Structures are given as structure tokens and as C-alpha cells.
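The next block is data_20.txt, given as compact mmCIF, C-alpha atoms and all ligand atoms.
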# COMPACT_ATOMS: atom_id res chain seq x y z
CA MET S 419 260.38 148.42 101.13
CA ILE S 420 263.01 148.10 103.87
CA ALA S 421 263.12 145.63 106.75
CA ILE S 422 266.34 145.53 108.78
CA GLU S 423 266.70 143.09 111.69
CA VAL S 424 269.31 144.04 114.28
CA HIS S 425 270.93 141.15 116.13
CA LEU S 426 273.52 143.13 118.09
CA ASP S 427 272.27 142.77 121.63
CA ALA S 428 273.61 142.16 125.11
CA GLU S 429 274.83 138.81 123.83
CA ALA S 430 276.95 140.63 121.23
CA SER S 431 278.53 142.81 123.93
CA GLU S 432 279.30 139.69 125.97
CA ALA S 433 280.83 138.03 122.90
CA MET S 434 283.02 141.10 122.33
CA ALA S 435 284.14 141.12 125.96
CA ARG S 436 284.97 137.39 125.74
CA ASP S 437 286.86 137.79 122.43
CA VAL S 438 288.89 140.75 123.64
CA ARG S 439 289.75 139.10 126.96
CA ALA S 440 290.95 135.93 125.18
CA GLY S 441 292.79 137.93 122.51
CA LEU S 442 294.71 140.00 125.03
CA GLN S 443 295.84 136.81 126.77
CA SER S 444 297.08 135.15 123.57
CA GLU S 445 300.63 135.26 122.22
CA PRO S 446 300.98 137.52 120.29
CA LYS S 447 298.08 139.59 121.63
CA GLU S 448 295.31 139.79 119.09
CA LEU S 449 292.04 141.62 118.34
CA ALA S 450 289.45 140.44 115.78
CA PRO S 451 289.11 142.67 112.68
CA LYS S 452 285.32 142.78 112.96
CA TYR S 453 285.80 145.29 115.80
CA PHE S 454 287.26 147.89 113.40
CA TYR S 455 283.82 148.61 112.02
CA ASP S 456 282.00 151.13 114.18
CA GLU S 457 280.61 154.14 112.26
CA ARG S 458 284.06 155.79 112.09
CA GLY S 459 285.72 152.51 111.07
CA SER S 460 283.24 152.05 108.21
CA GLN S 461 283.94 155.63 107.04
CA LEU S 462 287.69 155.04 107.18
CA PHE S 463 287.31 151.80 105.21
CA GLU S 464 285.42 153.74 102.52
CA GLN S 465 288.38 156.18 102.36
CA ILE S 466 290.80 153.24 102.05
CA THR S 467 288.92 152.00 98.98
CA GLU S 468 289.74 155.33 97.25
CA LEU S 469 293.50 155.27 98.00
CA ALA S 470 295.99 155.10 95.13
CA GLU S 471 297.81 152.18 96.77
CA TYR S 472 294.67 150.15 97.55
CA TYR S 473 294.19 148.28 94.26
CA PRO S 474 291.76 145.50 95.45
CA THR S 475 288.63 147.67 95.34
CA ARG S 476 289.48 149.05 91.89
CA ALA S 477 290.25 145.57 90.57
CA GLU S 478 287.03 144.10 91.96
CA ARG S 479 285.04 147.04 90.59
CA GLU S 480 286.63 146.52 87.16
CA ILE S 481 285.54 142.86 87.13
CA LEU S 482 282.01 143.66 88.30
CA ALA S 483 281.63 146.52 85.81
CA ARG S 484 282.67 144.28 82.91
CA ARG S 485 281.34 140.87 83.84
CA SER S 486 278.26 141.26 86.06
CA ALA S 487 275.83 140.36 83.25
CA GLU S 488 277.79 137.15 82.66
CA ILE S 489 278.00 136.39 86.39
CA VAL S 490 274.24 136.85 86.81
CA ALA S 491 273.52 134.64 83.78
CA GLU S 492 275.92 131.94 85.06
CA ALA S 493 274.22 132.12 88.45
CA GLY S 494 270.86 131.37 86.79
CA ALA S 495 269.32 134.88 86.95
CA PRO S 496 268.68 134.83 90.72
CA GLY S 497 265.92 137.01 92.23
CA THR S 498 267.70 137.48 95.55
CA LEU S 499 271.16 138.87 96.19
CA VAL S 500 272.47 138.19 99.70
CA GLU S 501 275.65 140.14 100.50
CA LEU S 502 277.87 139.28 103.46
CA GLY S 503 279.88 142.24 104.81
CA SER S 504 277.94 144.53 102.47
CA GLY S 505 279.21 147.88 103.83
CA SER S 506 278.27 150.68 101.41
CA ALA S 507 277.54 148.15 98.62
CA ALA S 508 279.27 150.58 96.25
CA LYS S 509 280.44 147.91 93.78
CA THR S 510 277.33 145.80 94.33
CA ARG S 511 275.38 148.22 92.14
CA HIS S 512 276.92 146.51 89.10
CA LEU S 513 275.39 143.18 90.15
CA LEU S 514 272.05 144.79 90.98
CA ASP S 515 272.05 146.57 87.59
CA ALA S 516 272.72 143.28 85.82
CA MET S 517 269.92 141.55 87.78
CA ARG S 518 267.53 144.40 86.96
CA ASP S 519 268.51 144.28 83.28
CA ALA S 520 267.95 140.51 83.27
CA GLY S 521 264.49 141.16 84.74
CA CYS S 522 265.13 138.98 87.82
CA LEU S 523 265.91 141.55 90.56
CA ASP S 524 263.55 141.20 93.51
CA THR S 525 265.28 141.26 96.93
CA TYR S 526 268.61 142.47 98.34
CA VAL S 527 269.77 141.12 101.70
CA PRO S 528 272.70 143.15 103.14
CA VAL S 529 274.39 141.44 106.12
CA ASP S 530 276.82 143.60 108.08
CA ILE S 531 278.00 144.21 111.62
CA SER S 532 277.83 148.00 111.23
CA GLU S 533 274.27 149.27 111.72
CA GLU S 534 274.72 152.85 110.46
CA ILE S 535 276.17 151.91 107.10
CA THR S 536 273.60 149.12 106.58
CA GLN S 537 270.65 151.46 107.23
CA GLU S 538 272.17 154.11 104.94
CA THR S 539 272.86 151.58 102.17
CA ALA S 540 269.29 150.25 102.38
CA ARG S 541 267.83 153.79 102.16
CA CYS S 542 269.93 154.59 99.06
CA LEU S 543 269.19 151.32 97.28
CA VAL S 544 265.39 151.45 97.52
CA GLU S 545 265.57 154.90 95.91
CA GLU S 546 267.95 153.75 93.20
CA TYR S 547 266.06 150.54 92.39
CA PRO S 548 262.30 151.18 92.45
CA GLY S 549 260.40 148.10 93.61
CA LEU S 550 263.47 146.51 95.28
CA ALA S 551 262.79 144.83 98.63
CA VAL S 552 265.67 145.19 101.13
CA ARG S 553 265.67 142.65 103.97
CA GLY S 554 268.87 143.41 105.87
CA LEU S 555 270.54 141.81 108.86
CA VAL S 556 272.78 143.74 111.23
CA CYS S 557 274.69 140.94 112.89
CA ASP S 558 277.97 139.09 113.19
CA PHE S 559 277.85 136.82 110.16
CA GLU S 560 280.10 134.31 111.91
CA ARG S 561 277.52 133.88 114.67
CA HIS S 562 274.24 134.54 112.85
CA LEU S 563 274.73 133.15 109.34
CA GLU S 564 271.80 130.77 109.68
CA ARG S 565 269.43 133.73 110.30
CA ILE S 566 269.69 134.78 106.65
CA PRO S 567 266.17 134.59 105.23
CA THR S 568 265.30 131.84 102.76
CA ALA S 569 263.87 132.87 99.38
CA GLU S 570 261.33 131.58 96.88
CA GLY S 571 263.71 131.29 93.94
CA GLU S 572 267.47 131.18 93.37
CA ARG S 573 269.84 133.20 95.55
CA LEU S 574 273.26 134.58 94.81
CA VAL S 575 275.33 134.96 97.99
CA ALA S 576 278.10 137.53 97.44
CA PHE S 577 281.06 137.88 99.79
CA LEU S 578 283.13 140.68 98.26
CA GLY S 579 286.02 142.95 99.24
CA GLY S 580 288.40 140.08 100.02
CA THR S 581 286.84 139.87 103.51
CA VAL S 582 287.13 136.04 103.48
CA GLY S 583 290.90 136.64 103.63
CA ASN S 584 290.47 137.98 107.19
CA LEU S 585 289.57 134.51 108.45
CA TYR S 586 292.15 131.98 109.66
CA PRO S 587 292.19 128.68 107.70
CA ALA S 588 290.11 126.69 110.22
CA GLN S 589 287.63 129.57 110.68
CA ARG S 590 287.41 130.02 106.90
CA GLN S 591 286.82 126.31 106.31
CA GLY S 592 284.03 126.25 108.91
CA PHE S 593 282.47 129.41 107.50
CA LEU S 594 282.52 128.25 103.86
CA SER S 595 281.09 124.86 104.92
CA ARG S 596 278.22 126.67 106.65
CA ILE S 597 277.62 128.75 103.51
CA ALA S 598 277.64 125.54 101.46
CA ALA S 599 275.00 124.07 103.80
CA LEU S 600 272.80 127.16 103.30
CA LEU S 601 272.90 126.98 99.51
CA GLY S 602 270.13 125.18 97.67
CA PRO S 603 271.19 123.23 94.53
CA ALA S 604 270.51 126.26 92.28
CA ASP S 605 272.02 128.89 94.63
CA ARG S 606 275.53 130.23 94.00
CA LEU S 607 278.31 131.86 96.02
CA LEU S 608 280.28 134.77 94.50
CA LEU S 609 283.53 135.18 96.40
CA GLY S 610 286.02 138.08 96.05
CA THR S 611 289.65 137.18 96.75
CA ASP S 612 292.87 139.11 96.41
CA LEU S 613 295.58 137.12 94.61
CA VAL S 614 299.22 136.46 95.58
CA LYS S 615 301.56 139.14 94.19
CA GLU S 616 304.78 141.07 94.90
CA THR S 617 305.42 141.99 98.52
CA ASP S 618 305.98 145.70 97.77
CA ARG S 619 302.56 146.22 96.27
CA LEU S 620 300.87 144.25 99.03
CA GLU S 621 302.58 146.12 101.83
CA ALA S 622 301.92 149.54 100.21
CA ALA S 623 298.21 148.68 99.90
CA TYR S 624 298.03 148.25 103.70
CA ASP S 625 300.32 151.14 104.66
CA ASP S 626 299.41 154.09 102.44
CA SER S 627 301.32 157.35 102.30
CA LEU S 628 298.38 159.38 103.68
CA GLY S 629 298.15 157.22 106.80
CA VAL S 630 294.50 156.24 106.36
CA THR S 631 295.13 152.52 106.90
CA ALA S 632 297.10 153.42 110.04
CA GLU S 633 294.16 155.45 111.34
CA PHE S 634 291.75 152.61 110.47
CA ASN S 635 293.96 150.17 112.37
CA LYS S 636 294.16 152.37 115.47
CA ASN S 637 290.40 152.94 115.39
CA VAL S 638 289.98 149.51 116.98
CA LEU S 639 291.61 150.93 120.14
CA GLN S 640 289.05 153.75 120.13
CA VAL S 641 286.28 151.13 119.88
CA LEU S 642 287.68 149.33 122.96
CA ASN S 643 288.00 152.64 124.83
CA ARG S 644 284.32 153.35 124.22
CA GLU S 645 282.80 149.86 124.46
CA LEU S 646 284.94 148.35 127.22
CA GLY S 647 285.96 151.46 129.20
CA ALA S 648 289.61 151.02 128.14
CA ASP S 649 292.25 153.74 128.30
CA PHE S 650 294.39 152.96 125.23
CA ASP S 651 296.52 155.96 124.23
CA LEU S 652 296.35 155.86 120.41
CA ASP S 653 299.59 157.85 120.14
CA ALA S 654 301.43 155.14 122.07
CA PHE S 655 300.98 152.58 119.24
CA GLU S 656 302.14 152.50 115.63
CA HIS S 657 300.72 150.74 112.57
CA VAL S 658 302.66 147.76 111.16
CA ALA S 659 301.77 146.00 107.85
CA ARG S 660 304.00 143.05 106.85
CA TYR S 661 303.57 140.33 104.23
CA ASP S 662 304.08 136.82 105.58
CA SER S 663 305.19 135.02 102.41
CA ASP S 664 305.15 131.56 104.05
CA ARG S 665 301.48 131.84 104.93
CA GLU S 666 300.69 134.09 101.94
CA ARG S 667 298.94 136.69 104.03
CA MET S 668 299.26 140.28 105.17
CA ASP S 669 299.82 140.49 108.92
CA ILE S 670 298.54 143.79 110.32
CA ARG S 671 299.58 144.80 113.82
CA LEU S 672 299.81 147.65 116.31
CA ARG S 673 303.24 148.05 117.91
CA SER S 674 303.57 149.50 121.39
CA LEU S 675 305.94 152.49 121.42
CA ALA S 676 306.60 152.23 125.17
CA ASP S 677 306.36 149.98 128.20
CA GLN S 678 302.78 150.66 129.24
CA GLU S 679 299.80 149.31 131.15
CA VAL S 680 296.31 149.57 129.72
CA ARG S 681 293.19 149.27 131.87
CA LEU S 682 289.95 147.78 130.49
CA GLU S 683 287.43 148.76 133.13
CA GLU S 684 284.48 146.68 131.85
CA LEU S 685 286.66 143.54 131.85
CA ASP S 686 288.25 144.41 135.19
CA VAL S 687 291.58 143.67 133.53
CA SER S 688 294.91 145.52 133.21
CA VAL S 689 297.22 144.51 130.39
CA GLU S 690 300.93 145.19 130.06
CA PHE S 691 302.70 145.98 126.78
CA VAL S 692 306.48 146.18 126.54
CA ALA S 693 308.07 148.65 124.13
CA GLY S 694 308.19 147.09 120.64
CA GLU S 695 305.54 144.46 121.43
CA GLU S 696 303.08 143.89 118.59
CA MET S 697 299.39 143.06 118.78
CA ARG S 698 297.79 141.51 115.67
CA THR S 699 294.59 143.24 114.50
CA GLU S 700 294.01 141.61 111.10
CA ILE S 701 295.26 139.08 108.61
CA SER S 702 294.44 139.39 104.92
CA THR S 703 295.13 136.15 103.07
CA LYS S 704 296.09 136.15 99.40
CA PHE S 705 295.01 133.27 97.16
CA THR S 706 295.77 131.39 93.95
CA ARG S 707 293.17 129.58 91.87
CA ALA S 708 294.62 126.19 92.80
CA ARG S 709 294.50 126.99 96.50
CA LEU S 710 290.92 128.22 96.24
CA GLU S 711 289.85 125.07 94.43
CA SER S 712 291.15 122.95 97.27
CA ILE S 713 289.58 125.28 99.88
CA TYR S 714 286.24 124.98 98.08
CA ALA S 715 286.54 121.19 97.83
CA ASP S 716 287.14 120.96 101.61
CA ALA S 717 283.98 123.03 102.17
CA GLY S 718 281.76 120.99 99.82
CA LEU S 719 281.80 123.58 97.02
CA GLU S 720 283.15 123.68 93.46
CA ILE S 721 284.12 126.52 91.14
CA CYS S 722 281.77 127.14 88.22
CA GLY S 723 283.05 130.58 87.15
CA TRP S 724 286.37 132.47 87.42
CA PHE S 725 286.67 136.18 86.65
CA THR S 726 289.79 138.33 87.06
CA ASP S 727 290.72 141.94 86.28
CA ALA S 728 292.95 142.61 83.25
CA ALA S 729 296.09 142.81 85.42
CA GLY S 730 295.29 139.51 87.15
CA ASP S 731 295.47 141.09 90.61
CA TYR S 732 292.12 139.94 91.95
CA ALA S 733 289.56 137.20 91.34
CA LEU S 734 285.84 136.72 91.71
CA SER S 735 284.90 133.07 91.74
CA LEU S 736 281.44 131.64 91.37
CA ALA S 737 280.89 128.42 93.30
CA ARG S 738 278.07 125.89 93.65
CA PRO S 739 277.40 123.04 96.07
CA ALA S 740 279.56 120.09 94.96
C1 LIG S 801 286.70 144.75 104.03
S1 LIG S 801 285.13 145.50 104.29
C2 LIG S 801 284.34 145.19 102.72
C3 LIG S 801 283.17 146.08 102.46
C4 LIG S 801 282.53 145.93 101.09
N1 LIG S 801 281.94 144.59 100.92
C5 LIG S 801 283.54 146.17 100.00
O1 LIG S 801 283.81 145.24 99.24
O2 LIG S 801 284.04 147.29 99.88
C6 LIG S 801 284.39 144.33 105.38
C7 LIG S 801 282.91 144.55 105.66
O3 LIG S 801 282.45 143.42 106.40
C8 LIG S 801 281.81 143.84 107.59
N2 LIG S 801 282.15 142.81 108.60
C9 LIG S 801 283.40 142.46 109.04
N3 LIG S 801 283.33 141.43 109.90
C10 LIG S 801 281.99 141.13 110.01
C11 LIG S 801 281.26 140.15 110.74
N4 LIG S 801 281.89 139.28 111.54
N5 LIG S 801 279.92 140.11 110.60
C12 LIG S 801 279.27 140.99 109.78
N6 LIG S 801 279.91 141.94 109.06
C13 LIG S 801 281.26 142.01 109.17
C14 LIG S 801 282.37 145.22 107.90
O4 LIG S 801 281.48 146.02 108.65
C15 LIG S 801 282.62 145.77 106.50
O5 LIG S 801 281.48 146.44 105.98

Before anything else, please render the file you have as C-alpha cells.
Amino acid sequence: MIAIEVHLDAEASEAMARDVRAGLQSEPKELAPKYFYDERGSQLFEQITELAEYYPTRAEREILARRSAEIVAEAGAPGTLVELGSGSAAKTRHLLDAMRDAGCLDTYVPVDISEEITQETARCLVEEYPGLAVRGLVCDFERHLERIPTAEGERLVAFLGGTVGNLYPAQRQGFLSRIAALLGPADRLLLGTDLVKETDRLEAAYDDSLGVTAEFNKNVLQVLNRELGADFDLDAFEHVARYDSDRERMDIRLRSLADQEVRLEELDVSVEFVAGEEMRTEISTKFTRARLESIYADAGLEICGWFTDAAGDYALSLARPA
């Protein structure tokens, strides 16, 4: 049984226009990473997860493959799994398997901004898990979090892939506080976070030798060309991935290769770039356990489970309302 609600309407297009207009006026210029994920962007992200340099997906998969039964037991054998930024839900199968094996699996709620991948994921999952109800939401989880359906019993809310690292501290604090407010006393949050490590490995993970991350980064310009009638020349920008060790985050940018003017017809705006100017398209924050504990405390949550891969590259933390 599949029911997918789509909340990407005229209001979503207006929000995108507003975000892009504000971002292009900021210093440095900036675009929000959620705009990477049209159908092509979702496909490119899937390719990134297979890259030799991109260890986070492998590390998270290792943890889920080994510890999902324990995670599900610690979470109180929930009947509903809500997943924010679900994408292809490739690794999520380990959690669903563990819930099925524990006899509690009832409903899966994928929440993602990309409609194509959410519909496809729902179709695959109902075939793979007979009797599973899929009640998905295609929406911007920052705007529509409160539309997530309530459930009869316990819920596990998973936010995997390190996506929380894309939020700035104030945004992240607000978002986690809203998640905390949604959780009933027996509900749990399962959060995937990449951990602080050597700069070389971090920078290689976001600038692979095959150029897939570069193509993913530039895809956001293609999205603006299509959605906002822009005329970005993708060959006139290059991909930049630097680790900011003070803020403990990757800083992903597009650098203009020339002095150029770009027109965004739908916004009735022309924007100038000077040669060498960089526009930020994503941050990806790296965490430590101590930092996460304080982030959780500020959001009204507390850690009740901590799971890492053998190399200690990545962590899944289970949290409950404090
Ligand atoms: C880094 S990918 C992670 C995908 C998958 N969870 C994984 O671990 O491989 C981020 C996912 O979040 C979705 N996403 C990003 N920003 C979003 C937003 N504001 N609202 C809803 N979904 C969003 C993207 O479409 C994408 O599927």
C-alpha cells in the first residue's frame, strides 16, 4: 500500500525564487544544497555513494549492517520508521530488515524533496516487504516537518547520510528542536553524522578523481537554468572542495573562471561574477561525540545509543527527548 503526498507547489517555486535571489545577493554568493536534488542530482548522488573516495556511505552501511537489530531493540521495536532525506533508502533496508525480524515493521514514511526517487523507492519497498504500508511525503523537510503523519505506536525517525551536516548551526539547532517537539516520549531519533578526521581524506571525499562530485555540484546551475530561466554556462565554473578546520566543515563552492554576467529571467535579475569569485553551494559539518552531546542538549534531546564503524570514521547516534 503506497500513499505519497506531494507538497511541492507554487509556494515551493516561490520559496526557491526567494532563496536564490537572497543567496545571490549575499557575500559570498550562496545557493542552498537542497536545490541539487532534481532527478539528475539524485542519480549523481547515488553515483557518489559508490565512489572509492566517498567513505561516509560505506561506513554508515557497515554500522547499519552490523547493528540494526540492536538499534531497533534500543528504540523499543518501533512499528513506524520515518526517514528524512530518504533518497533511494539503500542502507535503510538494514533497519527495515531488523524491524521485520523483530516482528514490529508496519509503516515506512520516506520524506524527500525529490519526487522521482521517492516514488521509485516506495514502489521497490512494497515489493520487497510484503504488507508494508508506505506513507511518503515529497516536501522540503525544513518547511513541512510538522506534516509528518502521527502513528499509533512508537516511531523511529532516521536522518541518515550526514545530511544534518548541511545545515548551519542556527538552522540545525532549530531543526533538531522541531524534531524533538515531534517526538513522543517513546519515539527515538537516529542521526547519521560524519566525524572529524584528516583534511586529505575529507577533501578527497568531496573531490573525487572521476569528477562525479564536480558534476553533482554543477548540476545546481542546471536546475536554476531550467527552473528560473537562468543562462549559467556550466563550463565557466569549476568545483572547489575545501576543509575549514576552524569550523570543522567542508566548504563546497563553484568558482567563476571568467568575469561574466548571468541572467535569471524568472527573477528579472542579472548577476555579475568576477574571475576567481566563489559561490558556496554546500557545507558538510563534521562532528565529535562531545559536540553532538551539546548540540542535542541545546535541542532538548539526549543520546541513548552511540554506534560507529570499525575505523571510527562515522557515527549513528540514537537520541530521545530529554
Ligand atoms: C546527502 S543525500 C542522503 C540520501 C540518503 N539518505 C543516503 O543516506 O544516502 C540527501 C537527501 O536529502 C534530500 N534532501 C535534501 N534537502 C532536503 C530538504 N530540504 N527537504 C527534503 N529532502 C531533502 C535529498 O533529495 C537527498 O535524497

- prompt: Between atom CA of Tyr732 of chain S and atom CA of Glu488 of chain S, what is the spacing in Å?
  reply: 17.3 Å

Box for ligand LIG 801 (chain S): with edges along x, y and z, all listed atoms inside and 6 Å added on each side, what are the centre and edge lengths in Å to one decimal, as lines of an AutoDock Vina configuration file?
center_x = 283.0
center_y = 143.3
center_z = 105.4
size_x = 19.4
size_y = 20.0
size_z = 24.3

task: Could you give me, as a PyMOL selection string, the residues that have an atom at most 12 Å away from the point (282.9, 127.1, 90.7) in the coordinates of the file, using only C-alpha atoms?
output: chain S and resi 489+492-493+605-609+707-708+710-715+718-725+734-740

For ligand LIG 801 (chain S), collect every residue having any atom at a distance of at most 8 Å from a ligand atom (counting only C-alpha atoms and all ligand atoms); output as an mmCIF file with C-alpha atoms, in the coordinates of the input.
data_model
loop_
_atom_site.group_PDB
_atom_site.id
_atom_site.type_symbol
_atom_site.label_atom_id
_atom_site.label_comp_id
_atom_site.auth_asym_id
_atom_site.auth_seq_id
_atom_site.Cartn_x
_atom_site.Cartn_y
_atom_site.Cartn_z
ATOM 1 C CA PRO S 451 289.110 142.670 112.680
ATOM 2 C CA LYS S 452 285.320 142.780 112.960
ATOM 3 C CA TYR S 453 285.800 145.290 115.800
ATOM 4 C CA PHE S 454 287.260 147.890 113.400
ATOM 5 C CA TYR S 455 283.820 148.610 112.020
ATOM 6 C CA ASP S 456 282.000 151.130 114.180
ATOM 7 C CA SER S 460 283.240 152.050 108.210
ATOM 8 C CA PHE S 463 287.310 151.800 105.210
ATOM 9 C CA GLU S 464 285.420 153.740 102.520
ATOM 10 C CA THR S 467 288.920 152.000 98.980
ATOM 11 C CA THR S 475 288.630 147.670 95.340
ATOM 12 C CA GLU S 501 275.650 140.140 100.500
ATOM 13 C CA LEU S 502 277.870 139.280 103.460
ATOM 14 C CA GLY S 503 279.880 142.240 104.810
ATOM 15 C CA SER S 504 277.940 144.530 102.470
ATOM 16 C CA GLY S 505 279.210 147.880 103.830
ATOM 17 C CA SER S 506 278.270 150.680 101.410
ATOM 18 C CA ALA S 507 277.540 148.150 98.620
ATOM 19 C CA ALA S 508 279.270 150.580 96.250
ATOM 20 C CA LYS S 509 280.440 147.910 93.780
ATOM 21 C CA VAL S 529 274.390 141.440 106.120
ATOM 22 C CA ASP S 530 276.820 143.600 108.080
ATOM 23 C CA ILE S 531 278.000 144.210 111.620
ATOM 24 C CA SER S 532 277.830 148.000 111.230
ATOM 25 C CA ILE S 535 276.170 151.910 107.100
ATOM 26 C CA VAL S 556 272.780 143.740 111.230
ATOM 27 C CA CYS S 557 274.690 140.940 112.890
ATOM 28 C CA ASP S 558 277.970 139.090 113.190
ATOM 29 C CA PHE S 559 277.850 136.820 110.160
ATOM 30 C CA GLU S 560 280.100 134.310 111.910
ATOM 31 C CA ARG S 561 277.520 133.880 114.670
ATOM 32 C CA PHE S 577 281.060 137.880 99.790
ATOM 33 C CA LEU S 578 283.130 140.680 98.260
ATOM 34 C CA GLY S 579 286.020 142.950 99.240
ATOM 35 C CA GLY S 580 288.400 140.080 100.020
ATOM 36 C CA THR S 581 286.840 139.870 103.510
#

- line: Shortest contact to Thr611 of chain S, candidates S:Thr706, S:Thr525, S:Thr536, S:Asn637, atoms counted only C-alpha atoms, goes to S:Thr706

- prompt: In Å, how far is it from atom CA of Ala693 of chain S to atom CA of Leu449 of chain S?
  reply: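 Computing it gives 18.4 Å between the two atoms.
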
- request: Name the closest residue to Gln589 of chain S among the candidates S:Ala717, S:Ala421, S:Val630, S:Cys542; distances are taken between atoms, counting all atoms listed in the file.
  value: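 The answer is S:Ala717, which sits nearest to Gln589 of chain S.
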
task: Name the closest residue to Ala491 of chain S among the candidates S:Glu572, S:Glu621, S:Glu666, S:Asp731; distances are taken between atoms, counting only C-alpha atoms.
output: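 Smallest separation from Ala491 of chain S among the options: S:Glu572.
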
- request: Work out how far apart atom CA of Glu700 of chain S and atom CA of Leu574 of chain S are and give it in Å to one decimal.
  value: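 Answer for the atom CA of Glu700 of chain S to atom CA of Leu574 of chain S separation: 27.3 Å.
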
Hey, what's within 12 Å of Ala495 of chain S if we count all atoms listed in the file and toss same-chain stuff fewer than 4 positions away? As a short mmCIF file (atom, residue, chain, number, x, y, z; two decimals) with C-alpha atoms, in the frame of the given file, please?
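Everything below was put into part04.cif:
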data_model
loop_
_atom_site.label_atom_id
_atom_site.label_comp_id
_atom_site.auth_asym_id
_atom_site.auth_seq_id
_atom_site.Cartn_x
_atom_site.Cartn_y
_atom_site.Cartn_z
CA SER S 486 278.26 141.26 86.06
CA ALA S 487 275.83 140.36 83.25
CA GLU S 488 277.79 137.15 82.66
CA ILE S 489 278.00 136.39 86.39
CA VAL S 490 274.24 136.85 86.81
CA ALA S 491 273.52 134.64 83.78
CA LEU S 499 271.16 138.87 96.19
CA LEU S 513 275.39 143.18 90.15
CA LEU S 514 272.05 144.79 90.98
CA ALA S 516 272.72 143.28 85.82
CA MET S 517 269.92 141.55 87.78
CA ARG S 518 267.53 144.40 86.96
CA ASP S 519 268.51 144.28 83.28
CA ALA S 520 267.95 140.51 83.27
CA GLY S 521 264.49 141.16 84.74
CA CYS S 522 265.13 138.98 87.82
CA LEU S 523 265.91 141.55 90.56
CA ASP S 524 263.55 141.20 93.51
CA GLY S 571 263.71 131.29 93.94
CA GLU S 572 267.47 131.18 93.37
CA ARG S 573 269.84 133.20 95.55
CA LEU S 574 273.26 134.58 94.81
CA ALA S 604 270.51 126.26 92.28
CA ASP S 605 272.02 128.89 94.63
CA ARG S 606 275.53 130.23 94.00
#

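Shortest atom-to-atom contact with Val638 of chain S among S:Arg458, S:Lys615, S:Arg681, S:His562: S:Arg458, counting only C-alpha atoms.
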
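For the residues S:Arg709, S:Arg644, S:Lys704, S:Arg511, ranking by smallest atom-to-atom distance to Tyr661 of chain S using all atoms listed in the file places S:Lys704 first.
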
field: Who sits within 12 Å of segment 650-657 of chain S, only C-alpha atoms, same chain under 2 positions skipped, as a VMD selection string
entry: chain S and resid 621 624 to 626 629 to 644 646 to 648 659 to 660 669 to 683 688 to 700

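With distances restricted to all atoms listed in the file, S:Met668 is the closest residue to Leu613 of chain S from S:Val527, S:Leu462, S:Met668, S:Ala450.
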
Selection: 9 Å around Arg667 of chain S, only C-alpha atoms, excl. self and same-chain fewer than 2 positions, as a compact mmCIF listing (two decimals) with C-alpha atoms, keeping the file's coordinate frame:
# COMPACT_ATOMS: atom_id res chain seq x y z
CA GLY S 583 290.90 136.64 103.63
CA VAL S 614 299.22 136.46 95.58
CA ARG S 660 304.00 143.05 106.85
CA TYR S 661 303.57 140.33 104.23
CA ASP S 662 304.08 136.82 105.58
CA SER S 663 305.19 135.02 102.41
CA ASP S 664 305.15 131.56 104.05
CA ARG S 665 301.48 131.84 104.93
CA ASP S 669 299.82 140.49 108.92
CA ILE S 701 295.26 139.08 108.61
CA SER S 702 294.44 139.39 104.92
CA THR S 703 295.13 136.15 103.07
CA LYS S 704 296.09 136.15 99.40
CA PHE S 705 295.01 133.27 97.16
